[in-house]
file entry_19.cif (mmCIF, C-alpha atoms and all ligand atoms)
data_coords
#
loop_
_atom_site.label_atom_id
_atom_site.label_comp_id
_atom_site.auth_asym_id
_atom_site.auth_seq_id
_atom_site.Cartn_x
_atom_site.Cartn_y
_atom_site.Cartn_z
CA GLN A 1 201.69 50.75 115.96
CA THR A 2 202.09 54.42 116.77
CA ALA A 3 199.64 56.98 118.00
CA LYS A 4 198.28 59.37 115.42
CA VAL A 5 199.60 62.91 115.55
CA GLU A 6 197.87 65.87 114.01
CA GLN A 7 199.05 69.42 113.93
CA HIS A 8 196.74 72.35 114.07
CA HIS A 9 198.02 75.63 112.75
CA GLY A 10 195.62 78.34 113.81
CA ALA A 11 191.91 77.92 114.08
CA ASN A 12 190.15 74.79 112.97
CA ARG A 13 192.70 73.57 110.49
CA ALA A 14 193.71 69.99 110.90
CA LYS A 15 196.95 69.23 109.15
CA PRO A 16 198.03 65.71 109.82
CA ASP A 17 201.78 65.55 109.66
CA MET A 18 202.72 62.14 110.88
CA ASN A 19 206.25 62.18 109.63
CA ARG A 20 207.64 65.13 111.48
CA ALA A 21 206.26 64.38 114.88
CA VAL A 22 206.64 60.66 114.66
CA SER A 23 210.24 60.60 113.47
CA ASN A 24 211.07 63.16 116.11
CA SER A 25 209.39 60.94 118.65
CA ARG A 26 211.26 57.86 117.51
CA ALA A 27 214.52 59.61 118.14
CA ARG A 28 213.53 60.18 121.71
CA LEU A 29 211.67 56.97 122.24
CA ALA A 30 214.68 54.85 123.09
CA ALA A 31 216.02 57.27 125.67
CA PHE A 32 212.61 57.82 127.17
CA SER A 33 211.44 54.24 127.40
CA ALA A 34 214.74 53.30 128.96
CA SER A 35 214.13 55.71 131.82
CA SER A 36 210.36 55.64 132.12
CA SER A 37 207.52 53.23 131.95
CA LEU A 38 203.79 53.48 132.12
CA ALA A 39 203.90 52.89 135.83
CA SER A 40 206.33 55.71 136.48
CA GLU A 41 204.88 59.19 136.74
CA ALA A 42 208.15 60.77 137.77
CA TRP A 43 209.58 63.61 135.75
CA ASP A 44 213.04 62.89 134.39
CA GLY A 45 213.89 66.54 133.73
CA ARG A 46 214.77 66.03 130.07
CA PHE A 47 213.59 69.55 129.22
CA ARG A 48 212.62 72.68 131.10
CA LEU A 49 208.99 72.80 132.15
CA HIS A 50 207.38 76.07 131.24
CA LYS A 51 205.35 77.52 134.13
CA PRO A 52 203.56 80.24 132.16
CA ARG A 53 202.09 77.42 130.06
CA GLY A 54 200.83 75.79 133.23
CA GLN A 55 203.27 72.90 132.93
CA HIS A 56 202.85 71.32 136.33
CA LEU A 57 202.77 67.56 135.91
CA LEU A 58 200.55 65.53 138.18
CA THR A 59 202.78 62.79 139.53
CA ASN A 60 200.84 61.15 142.37
CA PRO A 61 199.58 57.82 140.98
CA ARG A 62 196.76 57.57 143.52
CA VAL A 63 195.39 60.94 142.45
CA LEU A 64 195.75 60.06 138.76
CA ASP A 65 193.88 56.80 139.36
CA ALA A 66 191.16 58.63 141.28
CA ILE A 67 190.60 61.11 138.45
CA ALA A 68 190.20 58.29 135.93
CA ARG A 69 187.84 56.48 138.32
CA HIS A 70 185.68 59.56 138.81
CA ALA A 71 185.42 60.00 135.04
CA ALA A 72 183.60 56.64 134.89
CA LEU A 73 184.53 55.93 131.27
CA ARG A 74 182.52 53.34 129.38
CA PRO A 75 183.07 51.18 126.33
CA GLY A 76 182.31 53.22 123.24
CA ASP A 77 183.36 56.51 124.82
CA ALA A 78 185.41 59.05 122.93
CA VAL A 79 187.52 60.98 125.43
CA LEU A 80 188.94 64.48 125.06
CA GLU A 81 192.01 65.42 127.09
CA VAL A 82 193.31 69.00 127.08
CA GLY A 83 197.00 69.43 127.89
CA PRO A 84 198.21 65.83 128.29
CA GLY A 85 201.76 66.93 129.14
CA THR A 86 203.92 63.80 129.33
CA GLY A 87 200.82 61.60 129.46
CA ASN A 88 200.43 60.64 133.12
CA LEU A 89 196.65 60.99 132.96
CA THR A 90 196.55 59.86 129.33
CA ALA A 91 197.92 56.49 130.45
CA ARG A 92 194.85 55.93 132.64
CA LEU A 93 192.46 57.08 129.94
CA LEU A 94 194.03 54.66 127.45
CA ALA A 95 193.81 51.82 129.96
CA SER A 96 190.11 52.55 130.64
CA PRO A 97 187.22 50.87 128.80
CA ALA A 98 186.88 53.98 126.57
CA ASP A 99 187.28 53.41 122.83
CA ARG A 100 189.51 56.34 121.98
CA VAL A 101 191.32 59.33 123.39
CA THR A 102 192.12 62.60 121.66
CA ALA A 103 194.66 64.77 123.44
CA VAL A 104 195.16 68.41 122.46
CA GLU A 105 198.59 69.75 123.43
CA ILE A 106 200.17 73.07 122.53
CA ASP A 107 203.83 72.28 123.25
CA PRO A 108 205.59 70.22 120.54
CA ARG A 109 207.98 68.82 123.15
CA MET A 110 205.05 67.42 125.07
CA VAL A 111 203.50 66.09 121.87
CA ASP A 112 206.74 64.23 121.26
CA ALA A 113 206.85 62.99 124.83
CA VAL A 114 203.33 61.65 124.88
CA THR A 115 203.62 60.14 121.40
CA ALA A 116 206.88 58.42 122.29
CA ARG A 117 205.51 57.15 125.56
CA PHE A 118 202.57 55.33 124.04
CA GLY A 119 203.89 54.77 120.53
CA ALA A 120 205.18 51.32 121.28
CA LEU A 121 202.17 50.13 123.25
CA ASP A 122 199.22 48.06 122.12
CA LEU A 123 196.98 50.89 123.22
CA ALA A 124 198.49 53.37 120.76
CA HIS A 125 195.71 52.84 118.23
CA LYS A 126 193.30 54.42 120.72
CA LEU A 127 195.25 57.68 120.87
CA THR A 128 195.26 60.74 118.62
CA VAL A 129 197.43 63.66 119.65
CA ILE A 130 196.55 67.03 118.16
CA GLN A 131 199.28 69.61 118.37
CA GLY A 132 197.57 72.95 118.81
CA ASP A 133 196.12 75.52 121.16
CA ALA A 134 193.00 74.09 122.80
CA MET A 135 191.33 77.47 122.51
CA GLU A 136 191.76 77.56 118.74
CA THR A 137 191.48 73.92 117.83
CA GLU A 138 188.13 72.48 116.89
CA PHE A 139 187.66 69.42 119.08
CA PRO A 140 186.50 66.20 117.47
CA LYS A 141 183.23 64.73 118.74
CA PHE A 142 183.70 63.47 122.30
CA ASP A 143 181.55 61.96 125.05
CA VAL A 144 183.66 62.82 128.06
CA CYS A 145 186.36 65.40 128.73
CA VAL A 146 188.93 64.44 131.35
CA ALA A 147 191.87 66.72 131.96
CA ASN A 148 194.35 68.33 134.26
CA ILE A 149 194.26 71.53 132.25
CA PRO A 150 196.59 74.54 132.25
CA TYR A 151 194.80 76.69 134.82
CA GLY A 152 195.29 79.86 132.79
CA ILE A 153 192.61 78.79 130.30
CA SER A 154 190.04 77.52 132.84
CA SER A 155 187.36 80.08 132.19
CA PRO A 156 187.54 80.30 128.37
CA LEU A 157 187.86 76.52 128.08
CA ILE A 158 184.74 75.94 130.18
CA ALA A 159 182.96 78.55 128.06
CA LYS A 160 184.07 76.75 124.92
CA LEU A 161 182.88 73.38 126.23
CA LEU A 162 179.52 74.59 127.55
CA PHE A 163 178.55 77.39 125.20
CA GLY A 164 180.10 76.05 122.02
CA THR A 165 178.57 73.42 119.79
CA TYR A 166 179.69 70.35 121.71
CA HIS A 167 177.42 67.70 123.21
CA PHE A 168 179.02 65.59 125.90
CA ARG A 169 178.12 63.63 129.03
CA THR A 170 180.57 65.02 131.56
CA ALA A 171 183.74 67.05 131.93
CA THR A 172 185.93 65.98 134.84
CA LEU A 173 188.48 68.74 135.24
CA LEU A 174 191.28 69.44 137.66
CA LEU A 175 191.20 73.17 138.38
CA GLN A 176 192.81 75.65 140.72
CA LYS A 177 191.12 75.20 144.08
CA GLU A 178 189.89 78.79 144.37
CA PHE A 179 188.51 78.71 140.84
CA ALA A 180 186.73 75.42 141.61
CA ARG A 181 185.18 76.96 144.74
CA ARG A 182 183.89 79.89 142.70
CA LEU A 183 182.54 77.52 140.07
CA VAL A 184 180.46 75.51 142.55
CA ALA A 185 179.34 78.49 144.68
CA MET A 186 175.62 78.95 145.26
CA PRO A 187 173.55 82.16 145.47
CA GLY A 188 174.13 83.74 148.87
CA ASP A 189 177.64 82.30 149.26
CA SER A 190 180.20 85.06 149.53
CA GLU A 191 181.97 83.74 146.41
CA TYR A 192 178.84 83.56 144.28
CA ASN A 193 179.65 85.15 140.96
CA ARG A 194 178.96 85.49 137.27
CA LEU A 195 180.92 82.38 136.30
CA ALA A 196 178.85 80.20 138.65
CA ALA A 197 175.54 81.72 137.53
CA ASN A 198 176.41 81.26 133.85
CA VAL A 199 177.66 77.72 134.21
CA ARG A 200 174.65 76.72 136.31
CA MET A 201 172.40 77.94 133.57
CA VAL A 202 173.45 75.06 131.36
CA ALA A 203 175.10 72.47 133.62
CA ASP A 204 175.27 70.91 137.06
CA VAL A 205 178.61 71.20 138.81
CA LYS A 206 180.01 69.12 141.62
CA LEU A 207 183.21 69.26 143.66
CA LEU A 208 184.77 65.77 143.70
CA MET A 209 187.98 66.11 145.70
CA ASP A 210 190.82 68.41 146.63
CA VAL A 211 194.36 67.73 145.41
CA SER A 212 197.46 69.05 147.15
CA LYS A 213 199.99 71.16 145.31
CA ARG A 214 202.58 68.65 146.54
CA ASP A 215 201.22 66.13 144.03
CA PHE A 216 202.66 68.14 141.11
CA VAL A 217 206.11 68.66 139.61
CA PRO A 218 207.17 71.41 139.73
CA MET A 219 205.08 72.24 142.78
CA PRO A 220 202.70 75.10 141.93
CA ARG A 221 201.80 77.83 144.41
CA VAL A 222 198.14 76.79 144.51
CA ASP A 223 196.18 73.72 145.51
CA SER A 224 193.75 72.08 143.13
CA SER A 225 190.29 70.55 143.09
CA LEU A 226 188.64 68.03 140.84
CA VAL A 227 185.25 69.14 139.53
CA GLU A 228 182.59 67.41 137.50
CA ILE A 229 180.57 69.45 135.04
CA GLN A 230 177.48 67.75 133.66
CA PRO A 231 175.63 69.59 130.90
CA ARG A 232 171.85 69.43 131.23
CA GLY A 233 170.01 67.52 128.57
CA ALA A 234 167.68 70.25 127.45
CA PRO A 235 169.04 73.65 126.51
CA PRO A 236 167.65 76.45 128.69
CA GLU A 237 164.74 78.45 127.37
CA VAL A 238 166.65 81.65 127.06
CA ASP A 239 168.77 83.29 124.42
CA LEU A 240 172.21 82.55 125.84
CA ALA A 241 173.88 85.59 124.32
CA GLU A 242 171.21 87.74 125.94
CA TRP A 243 171.64 85.93 129.25
CA LEU A 244 175.43 86.35 129.20
CA GLY A 245 175.03 90.06 128.48
CA PHE A 246 172.56 90.39 131.33
CA THR A 247 174.65 88.56 133.93
CA ARG A 248 177.62 90.67 132.87
CA GLU A 249 175.72 93.82 133.87
CA CYS A 250 174.35 92.33 137.09
CA PHE A 251 177.51 90.68 138.40
CA GLY A 252 179.83 93.56 137.49
CA GLN A 253 178.60 95.03 140.77
CA LYS A 254 177.13 91.94 142.30
CA ASN A 255 176.78 93.29 145.86
CA LYS A 256 174.83 96.41 144.91
CA THR A 257 171.08 96.34 144.67
CA LEU A 258 169.55 95.96 141.23
CA GLY A 259 167.87 99.33 141.78
CA ALA A 260 171.27 100.98 142.24
CA ILE A 261 172.91 99.10 139.37
CA PHE A 262 170.27 100.06 136.83
CA LYS A 263 170.03 103.70 137.91
CA GLN A 264 173.50 104.57 136.67
CA LYS A 265 173.59 107.00 133.83
CA ARG A 266 176.31 105.32 131.83
CA LYS A 267 174.61 101.96 132.14
CA ILE A 268 171.31 103.42 130.97
CA LEU A 269 172.91 105.03 127.92
CA ASP A 270 174.77 101.86 127.12
CA LEU A 271 171.62 99.72 127.38
CA LEU A 272 169.65 102.21 125.28
CA LYS A 273 172.27 101.91 122.57
CA ARG A 274 172.24 98.13 122.69
CA SER A 275 168.45 97.94 122.80
CA GLN A 276 168.09 100.13 119.72
CA ARG A 277 170.66 98.06 117.88
CA SER A 278 168.91 94.80 118.84
CA GLU A 279 165.55 96.07 117.63
CA ARG A 280 167.09 97.31 114.38
CA CYS A 281 169.05 94.15 113.65
CA THR A 282 166.43 91.53 114.36
CA SER A 283 163.01 93.06 114.42
CA ASP A 284 161.18 89.72 114.39
CA ALA A 285 163.20 87.79 116.96
CA PRO A 286 165.65 89.98 118.78
CA GLY A 287 168.68 88.26 120.12
CA THR A 288 168.63 85.12 118.06
CA GLY A 289 171.35 84.11 115.74
CA SER A 290 174.12 86.29 117.06
CA GLY A 291 177.10 84.22 118.06
CA ILE A 292 178.18 83.95 121.66
CA ILE A 293 181.51 85.50 122.37
CA LEU A 294 183.50 82.84 124.16
CA GLY A 295 185.52 83.59 127.21
CA VAL A 296 183.01 86.02 128.64
CA LEU A 297 181.61 83.81 131.39
CA ASP A 298 183.60 85.21 134.23
CA ASP A 299 183.92 88.44 136.17
CA ASP A 300 186.23 91.00 134.67
CA GLY A 301 187.11 92.15 138.15
CA ASN A 302 185.81 95.61 137.35
CA ASP A 303 183.51 96.34 140.21
CA GLU A 304 183.68 100.00 139.24
CA ALA A 305 180.60 102.09 139.64
CA CYS A 306 179.44 104.05 136.64
CA SER A 307 179.58 107.74 137.25
CA ASP A 308 176.34 109.61 137.46
CA GLU A 309 177.93 112.93 136.62
CA ASP A 310 177.49 113.28 132.91
CA GLY A 311 174.25 115.14 132.40
CA ASP A 312 172.47 116.22 129.24
CA SER A 313 175.71 116.73 127.36
CA GLY A 314 176.41 113.02 127.89
CA ASP A 315 173.04 112.12 126.31
CA ARG A 316 173.74 114.28 123.30
CA ALA A 317 177.25 112.94 122.97
CA ALA A 318 175.71 109.46 122.83
CA GLY A 319 173.28 110.62 120.15
CA PHE A 320 170.13 110.64 122.29
CA SER A 321 167.81 113.40 123.41
CA THR A 322 167.29 113.97 127.11
CA GLU A 323 163.64 112.93 126.70
CA GLU A 324 164.61 109.67 125.03
CA VAL A 325 167.01 108.80 127.82
CA GLY A 326 164.47 109.80 130.47
CA ALA A 327 161.80 107.58 128.92
CA PHE A 328 164.19 104.63 128.73
CA LYS A 329 165.19 105.15 132.35
CA GLU A 330 161.50 105.02 133.29
CA ARG A 331 161.11 101.78 131.36
CA ILE A 332 163.93 100.17 133.33
CA ALA A 333 162.61 101.47 136.64
CA GLY A 334 159.12 100.29 135.70
CA ALA A 335 160.34 96.76 135.08
CA LEU A 336 162.09 96.69 138.45
CA GLU A 337 159.16 98.21 140.33
CA SER A 338 156.73 95.69 138.90
CA THR A 339 158.56 93.08 140.99
CA ASP A 340 160.05 93.17 144.46
CA LEU A 341 163.51 92.68 143.00
CA ALA A 342 164.82 96.28 143.03
CA GLY A 343 166.21 95.86 146.53
CA LYS A 344 167.83 92.51 145.78
CA ARG A 345 171.53 91.96 145.11
CA PRO A 346 172.64 89.74 142.19
CA SER A 347 175.01 87.77 144.43
CA LYS A 348 172.02 86.50 146.39
CA MET A 349 169.65 85.77 143.51
CA SER A 350 168.82 82.42 141.98
CA ASN A 351 168.99 81.97 138.22
CA ASP A 352 165.20 81.67 138.15
CA GLU A 353 164.86 85.12 139.71
CA LEU A 354 167.45 86.58 137.35
CA LEU A 355 165.77 84.96 134.38
CA TYR A 356 162.41 86.34 135.44
CA LEU A 357 163.85 89.84 135.53
CA LEU A 358 165.58 89.40 132.19
CA ARG A 359 162.23 88.42 130.62
CA LEU A 360 160.58 91.51 132.09
CA PHE A 361 163.33 93.70 130.67
CA ASN A 362 163.12 92.03 127.26
CA GLU A 363 159.32 92.41 127.16
CA ARG A 364 159.88 96.12 127.60
CA GLY A 365 162.38 96.31 124.79
CA ILE A 366 165.45 96.43 127.04
CA TRP A 367 168.16 94.20 125.52
CA PHE A 368 171.57 93.24 126.83
CA GLN A 369 173.62 91.72 124.05
N1 LIG A 401 197.80 66.71 132.14
C1 LIG A 401 199.23 66.61 132.41
C2 LIG A 401 199.96 67.92 132.22
C3 LIG A 401 199.37 69.12 132.87
S1 LIG A 401 200.34 70.54 132.61
C4 LIG A 401 199.44 66.07 133.81
O1 LIG A 401 198.47 65.97 134.55
O2 LIG A 401 200.55 65.72 134.17
C5 LIG A 401 199.34 71.40 131.40
C6 LIG A 401 199.65 70.99 129.97
O3 LIG A 401 198.83 71.80 129.11
C7 LIG A 401 201.07 71.24 129.53
O4 LIG A 401 201.54 70.11 128.87
C8 LIG A 401 201.00 72.44 128.58
O5 LIG A 401 201.97 72.43 127.59
C9 LIG A 401 199.61 72.27 128.00
N2 LIG A 401 198.98 73.50 127.52
C10 LIG A 401 199.14 74.77 127.98
N3 LIG A 401 198.38 75.63 127.31
C11 LIG A 401 197.69 74.90 126.39
C12 LIG A 401 196.74 75.23 125.39
N4 LIG A 401 196.33 76.48 125.22
N5 LIG A 401 196.24 74.23 124.62
C13 LIG A 401 196.65 72.95 124.80
N6 LIG A 401 197.55 72.58 125.73
C14 LIG A 401 198.06 73.53 126.52
#
call {"tool": "encode", "arguments": {"input": "entry_19.cif", "output": "structure tokens"}}
result
Amino acid sequence: QTAKVEQHHGANRAKPDMNRAVSNSRARLAAFSASSSLASEAWDGRFRLHKPRGQHLLTNPRVLDAIARHAALRPGDAVLEVGPGTGNLTARLLASPADRVTAVEIDPRMVDAVTARFGALDLAHKLTVIQGDAMETEFPKFDVCVANIPYGISSPLIAKLLFGTYHFRTATLLLQKEFARRLVAMPGDSEYNRLAANVRMVADVKLLMDVSKRDFVPMPRVDSSLVEIQPRGAPPEVDLAEWLGFTRECFGQKNKTLGAIFKQKRKILDLLKRSQRSERCTSDAPGTGSGIILGVLDDDGNDEACSDEDGDSGDRAAGFSTEEVGAFKERIAGALESTDLAGKRPSKMSNDELLYLLRLFNERGIWFQ
């Protein structure tokens, strides 16, 4: 019995094409199974690994076992793996009590490799390989995500998992160590950032263990860390698109005070524009219904200050009168002054404090999405 292979061409289109991938795989199966077995994680060098695609295979069996153990898979579980590569982690997932494993892999050579590796095993019926880009492929329903992902898609993938339409128990992900540290940072830590604030809004995150770069082939430049992300049961009582827009403004200059951030002319004009649009679009319930743009969880790295130079001509260029802009500026200042938050810096604020301020802004007709 062979594993199922599906191909995804572009977004959300499943096009099962067993023949191509499977016959391809068969051709390689003999050569591969002669040189490798389930127990061998080594890389036999049969094709060039592609670093820009994050192709660093995890080859330390103890680490692979530990990842599967941490994932705590149960009978009945549907598992999602992103970027199975040659299947070193997939082997553990298939051997676990979980019912089934879906692996999404972009590189057809890897799809062949993983299909060939498990095609001849009893466990093959548990495995479906989808050939496609994880960012464009609609995932099937899953309970647990376990993956050593390509690090280049860390932030958008986490956004897709947490702010998309999926409901799952945990995601146990191997990530670049620095990224993992930023993900688990707490308010007041020097690395606290937009990504951490946004993820914490909907999930609990935990650092499980560090993994050395020496455990990969080819050896990457960076070390790694295993992280567990556990979505909270109840969705937060906030419009997430509004929240993401708000944290974007706050954490763009996370070490400035809120008073300074929201005094900037360009920011005020920009918010005025957005607020008018929000009120126009959804007069009854502003902010609801608009989709969340994925991949916007993280800092853009633009800590640039908005210039304060453009005067009245800037207002007119933006289509507002000076009075209108002045009144809106007062509204923002009023919201900040009604609390003791104006002197606070986003990097030191809890989500509860940020949420409180967002509500005050919204009550005054100041909208962020
Ligand atoms: N999990 C394997 C391989 C990790 S390397 C292991 O631990 O050994 C990362 C894998 O992700 C590679 O096989 C690469 O081809 C795949 N990949 C890269 N970008 C991807 C994307 N956008 N969608 C799906 N898979 C991707």
call {"tool": "axis_aligned_box", "arguments": {"input": "entry_19.cif", "around": "stretch 205-218 of chain A", "padding_each_side": "3 Å", "output": "JSON"}}
result
{"center_x": 192.9, "center_y": 68.6, "center_z": 143.0, "size_x": 34.6, "size_y": 11.6, "size_z": 14.3}
call {"tool": "residues_around", "arguments": {"input": "entry_19.cif", "residues": "A:Leu341", "least_positions_apart": "2", "cutoff": "12 Å", "atoms": "only C-alpha atoms", "output": "list in words"}}
result
Thr257, Leu258, Gly259, Ala260, Ile261, Phe262, Ala333, Gly334, Ala335, Leu336, Glu337, Ser338, Thr339, Gly343, Lys344, Arg345, Pro346, Lys348, Met349, Ser350, Glu353, Leu354, Leu355, Tyr356, Leu357, Leu358 and Leu360 of chain A
call {"tool": "write_last_selection", "arguments": {"input": "entry_19.cif", "atoms": "C-alpha atoms", "output": "PDB file, in the frame of the given file"}}
result
ATOM      1  CA  THR A 257     171.080  96.340 144.670  1.00  0.00           C
ATOM      2  CA  LEU A 258     169.550  95.960 141.230  1.00  0.00           C
ATOM      3  CA  GLY A 259     167.870  99.330 141.780  1.00  0.00           C
ATOM      4  CA  ALA A 260     171.270 100.980 142.240  1.00  0.00           C
ATOM      5  CA  ILE A 261     172.910  99.100 139.370  1.00  0.00           C
ATOM      6  CA  PHE A 262     170.270 100.060 136.830  1.00  0.00           C
ATOM      7  CA  ALA A 333     162.610 101.470 136.640  1.00  0.00           C
ATOM      8  CA  GLY A 334     159.120 100.290 135.700  1.00  0.00           C
ATOM      9  CA  ALA A 335     160.340  96.760 135.080  1.00  0.00           C
ATOM     10  CA  LEU A 336     162.090  96.690 138.450  1.00  0.00           C
ATOM     11  CA  GLU A 337     159.160  98.210 140.330  1.00  0.00           C
ATOM     12  CA  SER A 338     156.730  95.690 138.900  1.00  0.00           C
ATOM     13  CA  THR A 339     158.560  93.080 140.990  1.00  0.00           C
ATOM     14  CA  GLY A 343     166.210  95.860 146.530  1.00  0.00           C
ATOM     15  CA  LYS A 344     167.830  92.510 145.780  1.00  0.00           C
ATOM     16  CA  ARG A 345     171.530  91.960 145.110  1.00  0.00           C
ATOM     17  CA  PRO A 346     172.640  89.740 142.190  1.00  0.00           C
ATOM     18  CA  LYS A 348     172.020  86.500 146.390  1.00  0.00           C
ATOM     19  CA  MET A 349     169.650  85.770 143.510  1.00  0.00           C
ATOM     20  CA  SER A 350     168.820  82.420 141.980  1.00  0.00           C
ATOM     21  CA  GLU A 353     164.860  85.120 139.710  1.00  0.00           C
ATOM     22  CA  LEU A 354     167.450  86.580 137.350  1.00  0.00           C
ATOM     23  CA  LEU A 355     165.770  84.960 134.380  1.00  0.00           C
ATOM     24  CA  TYR A 356     162.410  86.340 135.440  1.00  0.00           C
ATOM     25  CA  LEU A 357     163.850  89.840 135.530  1.00  0.00           C
ATOM     26  CA  LEU A 358     165.580  89.400 132.190  1.00  0.00           C
ATOM     27  CA  LEU A 360     160.580  91.510 132.090  1.00  0.00           C
TER      28      LEU A 360
END
call {"tool": "residues_around", "arguments": {"input": "entry_19.cif", "residues": "stretch 238-244 of chain A", "least_positions_apart": "2", "cutoff": "6 Å", "atoms": "all atoms listed in the file", "output": "PyMOL selection string"}}
result
chain A and resi 236+246-247+292+368-369
call {"tool": "residues_near_ligand", "arguments": {"input": "entry_19.cif", "ligand": "ligand LIG 401 (chain A)", "cutoff": "6 Å", "atoms": "all atoms listed in the file", "output": "list of chain:residue names"}}
result
A:Arg53, A:Gly54, A:Gln55, A:His56, A:Leu57, A:Leu58, A:Val82, A:Gly83, A:Pro84, A:Gly85, A:Asn88, A:Leu89, A:Val104, A:Glu105, A:Ile106, A:Asp107, A:Met110, A:Asp133, A:Ala134, A:Met135, A:Ala147, A:Asn148, A:Ile149, A:Pro150
call {"tool": "closest_residue", "arguments": {"input": "entry_19.cif", "among": "A:Ala318, A:Ala68, A:Val79, A:Val184", "to": "A:Arg169", "atoms": "all atoms listed in the file"}}
result
A:Val79
call {"tool": "atom_distance", "arguments": {"input": "entry_19.cif", "atom1": "atom CA of A:Gly326", "atom2": "atom CA of A:Arg194"}}
result
29.1 Å
call {"tool": "closest_residue", "arguments": {"input": "entry_19.cif", "among": "A:Lys265, A:Ala91, A:Ala3, A:Val205", "to": "A:Thr172", "atoms": "all atoms listed in the file"}}
result
A:Val205
call {"tool": "closest_residue", "arguments": {"input": "entry_19.cif", "among": "A:Leu123, A:Leu157, A:Thr59, A:Phe251", "to": "A:Glu136", "atoms": "only C-alpha atoms"}}
result
A:Leu157
call {"tool": "atom_distance", "arguments": {"input": "entry_19.cif", "atom1": "atom CA of A:Phe47", "atom2": "atom CA of A:Leu226"}}
result
27.6 Å
call {"tool": "atom_distance", "arguments": {"input": "entry_19.cif", "atom1": "atom CA of A:Asp99", "atom2": "atom CA of A:Ala116"}}
result
20.2 Å
call {"tool": "closest_residue", "arguments": {"input": "entry_19.cif", "among": "A:His125, A:Arg109, A:Arg182, A:Arg266", "to": "A:Arg48", "atoms": "all atoms listed in the file"}}
result
A:Arg109
call {"tool": "closest_residue", "arguments": {"input": "entry_19.cif", "among": "A:Leu272, A:Ala342, A:Val217, A:Leu161", "to": "A:Ser321", "atoms": "all atoms listed in the file"}}
result
A:Leu272
call {"tool": "residues_around", "arguments": {"input": "entry_19.cif", "residues": "A:Ala234", "least_positions_apart": "5", "cutoff": "12 Å", "atoms": "only C-alpha atoms", "output": "PyMOL selection string"}}
result
chain A and resi 167+201-203
call {"tool": "closest_residue", "arguments": {"input": "entry_19.cif", "among": "A:Ala66, A:Val146, A:Leu94, A:Val199", "to": "A:Phe163", "atoms": "all atoms listed in the file"}}
result
A:Val199
call {"tool": "residues_around", "arguments": {"input": "entry_19.cif", "residues": "A:Ser347", "least_positions_apart": "4", "cutoff": "6 Å", "atoms": "all atoms listed in the file", "output": "list of chain:residue names"}}
result
A:Pro187, A:Tyr192, A:Lys254, A:Asn255
call {"tool": "residues_around", "arguments": {"input": "entry_19.cif", "residues": "A:Lys206", "least_positions_apart": "3", "cutoff": "12 Å", "atoms": "all atoms listed in the file", "output": "list in words"}}
result
His70, Thr170, Ala171, Thr172, Leu173, Leu174, Ala180, Arg181, Arg182, Leu183, Val184, Ala185, Met186, Ala196, Val199, Arg200, Ala203, Met209, Asp210, Ser225, Leu226, Val227, Glu228, Ile229, Gln230 and Pro231 of chain A
call {"tool": "write_last_selection", "arguments": {"input": "entry_19.cif", "atoms": "C-alpha atoms", "output": "PDB file, keeping the file's coordinate frame"}}
result
ATOM      1  CA  HIS A  70     185.680  59.560 138.810  1.00  0.00           C
ATOM      2  CA  THR A 170     180.570  65.020 131.560  1.00  0.00           C
ATOM      3  CA  ALA A 171     183.740  67.050 131.930  1.00  0.00           C
ATOM      4  CA  THR A 172     185.930  65.980 134.840  1.00  0.00           C
ATOM      5  CA  LEU A 173     188.480  68.740 135.240  1.00  0.00           C
ATOM      6  CA  LEU A 174     191.280  69.440 137.660  1.00  0.00           C
ATOM      7  CA  ALA A 180     186.730  75.420 141.610  1.00  0.00           C
ATOM      8  CA  ARG A 181     185.180  76.960 144.740  1.00  0.00           C
ATOM      9  CA  ARG A 182     183.890  79.890 142.700  1.00  0.00           C
ATOM     10  CA  LEU A 183     182.540  77.520 140.070  1.00  0.00           C
ATOM     11  CA  VAL A 184     180.460  75.510 142.550  1.00  0.00           C
ATOM     12  CA  ALA A 185     179.340  78.490 144.680  1.00  0.00           C
ATOM     13  CA  MET A 186     175.620  78.950 145.260  1.00  0.00           C
ATOM     14  CA  ALA A 196     178.850  80.200 138.650  1.00  0.00           C
ATOM     15  CA  VAL A 199     177.660  77.720 134.210  1.00  0.00           C
ATOM     16  CA  ARG A 200     174.650  76.720 136.310  1.00  0.00           C
ATOM     17  CA  ALA A 203     175.100  72.470 133.620  1.00  0.00           C
ATOM     18  CA  MET A 209     187.980  66.110 145.700  1.00  0.00           C
ATOM     19  CA  ASP A 210     190.820  68.410 146.630  1.00  0.00           C
ATOM     20  CA  SER A 225     190.290  70.550 143.090  1.00  0.00           C
ATOM     21  CA  LEU A 226     188.640  68.030 140.840  1.00  0.00           C
ATOM     22  CA  VAL A 227     185.250  69.140 139.530  1.00  0.00           C
ATOM     23  CA  GLU A 228     182.590  67.410 137.500  1.00  0.00           C
ATOM     24  CA  ILE A 229     180.570  69.450 135.040  1.00  0.00           C
ATOM     25  CA  GLN A 230     177.480  67.750 133.660  1.00  0.00           C
ATOM     26  CA  PRO A 231     175.630  69.590 130.900  1.00  0.00           C
TER      27      PRO A 231
END
